[in-house]
$ cat start-v1.cif   # mmCIF, C-alpha atoms
data_structure
#
loop_
_atom_site.label_atom_id
_atom_site.label_comp_id
_atom_site.auth_asym_id
_atom_site.auth_seq_id
_atom_site.Cartn_x
_atom_site.Cartn_y
_atom_site.Cartn_z
CA MET A 848 3.15 -30.86 17.47
CA ARG A 849 2.38 -28.79 14.43
CA LYS A 850 0.79 -30.23 11.29
CA ALA A 851 2.72 -30.14 8.04
CA ARG A 852 1.33 -27.57 5.60
CA THR A 853 0.15 -30.31 3.26
CA GLU A 854 -2.01 -31.77 6.05
CA MET A 855 -3.64 -28.47 6.96
CA SER A 856 -7.14 -27.60 5.81
CA PRO A 857 -7.66 -24.46 3.73
CA ARG A 858 -9.23 -22.78 6.77
CA GLU A 859 -6.22 -23.59 8.95
CA GLN A 860 -3.85 -22.25 6.31
CA ALA A 861 -5.92 -19.10 5.79
CA VAL A 862 -6.12 -18.40 9.52
CA GLU A 863 -2.38 -19.02 9.87
CA LEU A 864 -1.68 -16.50 7.10
CA LEU A 865 -4.11 -13.93 8.54
CA ALA A 866 -2.55 -14.29 11.99
CA ARG A 867 0.70 -12.87 10.59
CA ARG A 868 -0.74 -9.89 8.69
CA GLU A 869 -3.79 -8.64 6.82
CA TYR A 870 -4.39 -10.09 3.36
CA GLY A 871 -6.69 -8.92 0.61
CA ARG A 872 -9.15 -11.46 -0.71
CA GLN A 873 -7.39 -11.83 -4.07
CA GLU A 874 -3.99 -12.33 -2.46
CA LEU A 875 -5.36 -14.89 -0.01
CA THR A 876 -7.14 -16.72 -2.84
CA THR A 877 -3.90 -16.93 -4.81
CA ARG A 878 -2.00 -18.25 -1.79
CA LEU A 879 -4.55 -20.95 -1.02
CA LEU A 880 -4.90 -22.03 -4.65
CA SER A 881 -1.13 -22.33 -4.96
CA ARG A 882 -1.23 -24.76 -2.05
CA GLY A 883 -3.47 -27.10 -4.01
CA HIS A 884 -6.93 -26.26 -2.71
CA GLU A 885 -9.98 -26.24 -4.99
CA HIS A 886 -11.25 -22.88 -6.24
CA ASP A 887 -14.86 -23.40 -5.11
CA GLU A 888 -13.70 -24.49 -1.67
CA VAL A 889 -11.45 -21.43 -1.32
CA GLU A 890 -14.18 -19.02 -2.44
CA ALA A 891 -16.67 -20.47 0.05
CA LEU A 892 -14.07 -20.32 2.82
CA LEU A 893 -13.22 -16.69 2.08
CA ASP A 894 -16.90 -15.74 2.11
CA GLU A 895 -17.14 -17.37 5.53
CA LEU A 896 -14.00 -15.65 6.83
CA ALA A 897 -15.27 -12.27 5.62
CA GLU A 898 -18.64 -12.82 7.33
CA GLN A 899 -16.82 -13.68 10.56
CA GLY A 900 -14.67 -10.57 10.26
CA LEU A 901 -11.44 -12.54 9.97
CA GLN A 902 -10.68 -11.27 6.47
CA SER A 903 -11.49 -7.76 5.31
CA ASP A 904 -10.33 -5.95 2.18
CA ARG A 905 -11.07 -2.69 4.01
CA ARG A 906 -8.76 -3.57 6.90
CA PHE A 907 -6.14 -4.81 4.45
CA ALA A 908 -6.29 -1.55 2.49
CA GLU A 909 -5.94 0.57 5.62
CA SER A 910 -3.00 -1.47 6.90
CA PHE A 911 -1.34 -1.36 3.47
CA LEU A 912 -1.80 2.40 3.17
CA ARG A 913 -0.44 3.13 6.65
CA GLY A 914 2.69 1.16 5.84
CA ARG A 915 3.19 2.97 2.55
CA VAL A 916 2.74 6.40 4.15
CA LEU A 917 5.46 5.50 6.67
CA ARG A 918 7.71 4.55 3.74
CA GLY A 919 7.17 7.96 2.16
CA GLN A 920 5.16 6.88 -0.86
CA GLY A 921 2.55 8.97 -2.62
CA PRO A 922 -1.16 8.34 -3.13
CA VAL A 923 -1.00 7.59 -6.87
CA LYS A 924 1.30 4.61 -6.38
CA MET A 925 -0.58 3.37 -3.33
CA LEU A 926 -3.92 3.27 -5.12
CA ALA A 927 -2.36 1.57 -8.14
CA GLU A 928 -0.78 -1.11 -5.94
CA LEU A 929 -4.06 -1.75 -4.13
CA GLY A 930 -5.75 -2.16 -7.51
CA GLN A 931 -3.11 -4.71 -8.52
CA ARG A 932 -3.89 -6.59 -5.31
CA GLY A 933 -7.56 -6.80 -6.24
CA VAL A 934 -8.94 -4.17 -3.90
CA ASP A 935 -11.99 -2.37 -5.27
CA ARG A 936 -11.09 1.13 -6.51
CA GLU A 937 -13.80 2.90 -4.50
CA LEU A 938 -12.95 0.97 -1.33
CA ALA A 939 -9.27 1.92 -1.79
CA ARG A 940 -10.14 5.61 -2.25
CA ASP A 941 -12.35 5.57 0.85
CA ALA A 942 -9.60 3.93 2.88
CA LEU A 943 -7.11 6.53 1.62
CA ARG A 944 -9.42 9.40 2.61
CA GLU A 945 -9.83 7.87 6.05
CA ILE A 946 -6.07 7.45 6.52
CA GLU A 947 -5.50 11.04 5.36
CA GLN A 948 -7.91 12.30 8.02
CA GLU A 949 -6.85 10.00 10.87
CA GLU A 950 -3.13 10.39 10.31
CA SER A 951 -3.32 14.04 9.13
CA VAL A 952 -1.27 13.12 6.06
CA ASP A 953 0.23 16.12 4.28
CA TRP A 954 1.27 14.82 0.85
CA TYR A 955 3.24 17.99 0.11
CA GLN A 956 5.27 17.59 3.29
CA LEU A 957 5.75 13.87 2.67
CA ALA A 958 7.02 14.55 -0.86
CA THR A 959 9.42 17.20 0.44
CA GLU A 960 10.74 14.86 3.14
CA ALA A 961 11.24 12.04 0.61
CA LEU A 962 13.14 14.44 -1.64
CA GLN A 963 15.32 15.65 1.23
CA ARG A 964 16.15 12.11 2.33
CA ARG A 965 17.20 11.17 -1.19
CA PHE A 966 18.92 14.34 -2.39
CA GLY A 967 19.72 16.41 0.69
CA ARG A 968 18.43 19.88 1.41
CA GLY A 969 19.81 21.84 -1.55
CA PRO A 970 17.89 22.85 -4.66
CA ALA A 971 18.36 21.21 -8.05
CA GLY A 972 21.37 22.84 -9.68
CA ASP A 973 20.32 22.51 -13.30
CA PRO A 974 17.36 21.35 -15.42
CA LYS A 975 18.77 17.84 -15.73
CA GLU A 976 18.97 17.48 -11.94
CA ARG A 977 15.48 18.96 -11.55
CA ALA A 978 14.10 16.38 -14.01
CA ARG A 979 15.85 13.63 -12.07
CA ARG A 980 14.18 14.75 -8.86
CA GLU A 981 10.81 15.02 -10.60
CA ARG A 982 11.14 11.45 -11.88
CA PHE A 983 12.09 10.26 -8.40
CA LEU A 984 8.98 11.75 -6.81
CA ALA A 985 6.70 10.63 -9.64
CA GLY A 986 8.09 7.12 -9.23
CA ARG A 987 7.26 7.28 -5.54
CA GLY A 988 3.64 7.98 -6.47
CA PHE A 989 3.29 11.71 -5.94
CA ASP A 990 1.17 13.70 -8.36
CA PHE A 991 2.30 16.77 -10.30
CA ASP A 992 1.20 19.29 -7.64
CA HIS A 993 3.06 17.43 -4.90
CA VAL A 994 6.21 17.25 -7.03
CA ARG A 995 6.07 20.93 -7.98
CA GLU A 996 5.53 22.03 -4.38
CA ALA A 997 8.32 19.81 -3.02
CA LEU A 998 10.79 21.19 -5.57
CA ARG A 999 9.69 24.73 -4.74
CA ALA A 1000 10.11 24.08 -1.01
CA MET A 1001 13.61 22.71 -1.61
CA SER A 1002 14.56 25.81 -3.62
CA GLU A 1003 13.24 28.14 -0.92
CA ALA A 1004 15.00 26.20 1.84
CA ASP A 1005 18.35 27.18 0.33
CA THR A 1006 17.58 30.89 0.16
#
$ encode --input "start-v1.cif" --output "structure tokens"
Amino acid sequence: MRKARTEMSPREQAVELLARREYGRQELTTRLLSRGHEHDEVEALLDELAEQGLQSDRRFAESFLRGRVLRGQGPVKMLAELGQRGVDRELARDALREIEQEESVDWYQLATEALQRRFGRGPAGDPKERARRERFLAGRGFDFDHVREALRAMSEADT
């Protein structure tokens, strides 16, 4: 028989959460505090879980980034979202570089594919449509070079 959540220790709740997916330290802290656990107790527990290798911001960042690449998002947005989740900026950049190498991520190709999925294969017909496509890609987290190259590739695909 399973314990009710209110009867579970912070460790049990943390391990239950981590069994489902990776969590960053900040996100896990927020979850445990919202369940009524004391801040000092949660911090000590998370230090212990990190030492045991059960919680890792590095692993969380890599898992997060892989998922976002599969969704067709760009690096600018990914890094910003990791920052909002409390992941150290340098750790996030290192994880991104590692994912780029392991997965052979081509941001230009990814931007072009995202554009094609959303707007089809044809080029932008007028400046207003081009601006719309630029905003779409920028919103997905691609930088200026990725956007420019994707739009160029779409124009050349029609010729």
$ atom_distance --input "start-v1.cif" --atom1 "atom CA of Ala908 of chain A" --atom2 "atom CA of Leu892 of chain A"
20.3 Å
$ resolve_selection --input "start-v1.cif" --expression "the PyMOL selection byres ((chain A and resi 965-979) around 9)" --output "number ranges by chain"
A: 960-964, 980-984, 998-1005
$ closest_residue --input "start-v1.cif" --among "A:Leu929, A:Gly919, A:Gly986, A:Arg936" --to "Leu957 of chain A" --atoms "all atoms listed in the file"
A:Gly919
$ axis_aligned_box --input "start-v1.cif" --around "segment 928-935 of chain A" --padding-each-side "8 Å" --output "JSON"
{"center_x": -6.4, "center_y": -4.0, "center_z": -6.2, "size_x": 27.2, "size_y": 21.7, "size_z": 20.6}
$ residues_near_point --input "start-v1.cif" --point "(7.1, 18.0, -4.8)" --cutoff "7 Å" --atoms "all atoms listed in the file" --output "compact mmCIF listing (two decimals) with C-alpha atoms, keeping the file's coordinate frame"
# COMPACT_ATOMS: atom_id res chain seq x y z
CA TYR A 955 3.24 17.99 0.11
CA ALA A 958 7.02 14.55 -0.86
CA THR A 959 9.42 17.20 0.44
CA LEU A 984 8.98 11.75 -6.81
CA ASP A 992 1.20 19.29 -7.64
CA HIS A 993 3.06 17.43 -4.90
CA VAL A 994 6.21 17.25 -7.03
CA ARG A 995 6.07 20.93 -7.98
CA GLU A 996 5.53 22.03 -4.38
CA ALA A 997 8.32 19.81 -3.02
CA LEU A 998 10.79 21.19 -5.57
$ closest_residue --input "start-v1.cif" --among "A:Gly988, A:Pro857, A:Gly883, A:Gly871" --to "Val923 of chain A" --atoms "all atoms listed in the file"
A:Gly988
$ atom_distance --input "start-v1.cif" --atom1 "atom CA of Leu943 of chain A" --atom2 "atom CA of Arg913 of chain A"
9.0 Å
$ closest_residue --input "start-v1.cif" --among "A:Ala861, A:Leu896, A:Leu917, A:Ala927" --to "Leu880 of chain A" --atoms "only C-alpha atoms"
A:Ala861
$ resolve_selection --input "start-v1.cif" --expression "the PyMOL selection byres ((chain A and resi 932) around 8)" --output "PyMOL selection string"
chain A and resi 871+873-874+928-931+933-934
$ write_last_selection --input "start-v1.cif" --atoms "C-alpha atoms" --output "PDB file, in the frame of the given file"
ATOM      1  CA  GLY A 871      -6.690  -8.920   0.610  1.00  0.00           C
ATOM      2  CA  GLN A 873      -7.390 -11.830  -4.070  1.00  0.00           C
ATOM      3  CA  GLU A 874      -3.990 -12.330  -2.460  1.00  0.00           C
ATOM      4  CA  GLU A 928      -0.780  -1.110  -5.940  1.00  0.00           C
ATOM      5  CA  LEU A 929      -4.060  -1.750  -4.130  1.00  0.00           C
ATOM      6  CA  GLY A 930      -5.750  -2.160  -7.510  1.00  0.00           C
ATOM      7  CA  GLN A 931      -3.110  -4.710  -8.520  1.00  0.00           C
ATOM      8  CA  GLY A 933      -7.560  -6.800  -6.240  1.00  0.00           C
ATOM      9  CA  VAL A 934      -8.940  -4.170  -3.900  1.00  0.00           C
TER      10      VAL A 934
END
$ atom_distance --input "start-v1.cif" --atom1 "atom CA of Arg858 of chain A" --atom2 "atom CA of Ser881 of chain A"
14.3 Å
$ resolve_selection --input "start-v1.cif" --expression "the PyMOL selection byres ((chain A and resi 863) around 12)" --output "list in words"
Arg849, Lys850, Arg852, Met855, Ser856, Pro857, Arg858, Glu859, Gln860, Ala861, Val862, Leu864, Leu865, Ala866, Arg867, Arg868, Glu869, Tyr870, Leu875, Arg878, Leu879, Leu901 and Gln902 of chain A
$ closest_residue --input "start-v1.cif" --among "A:Ala891, A:Asp935, A:Glu909, A:Gly921" --to "Glu949 of chain A" --atoms "all atoms listed in the file"
A:Glu909
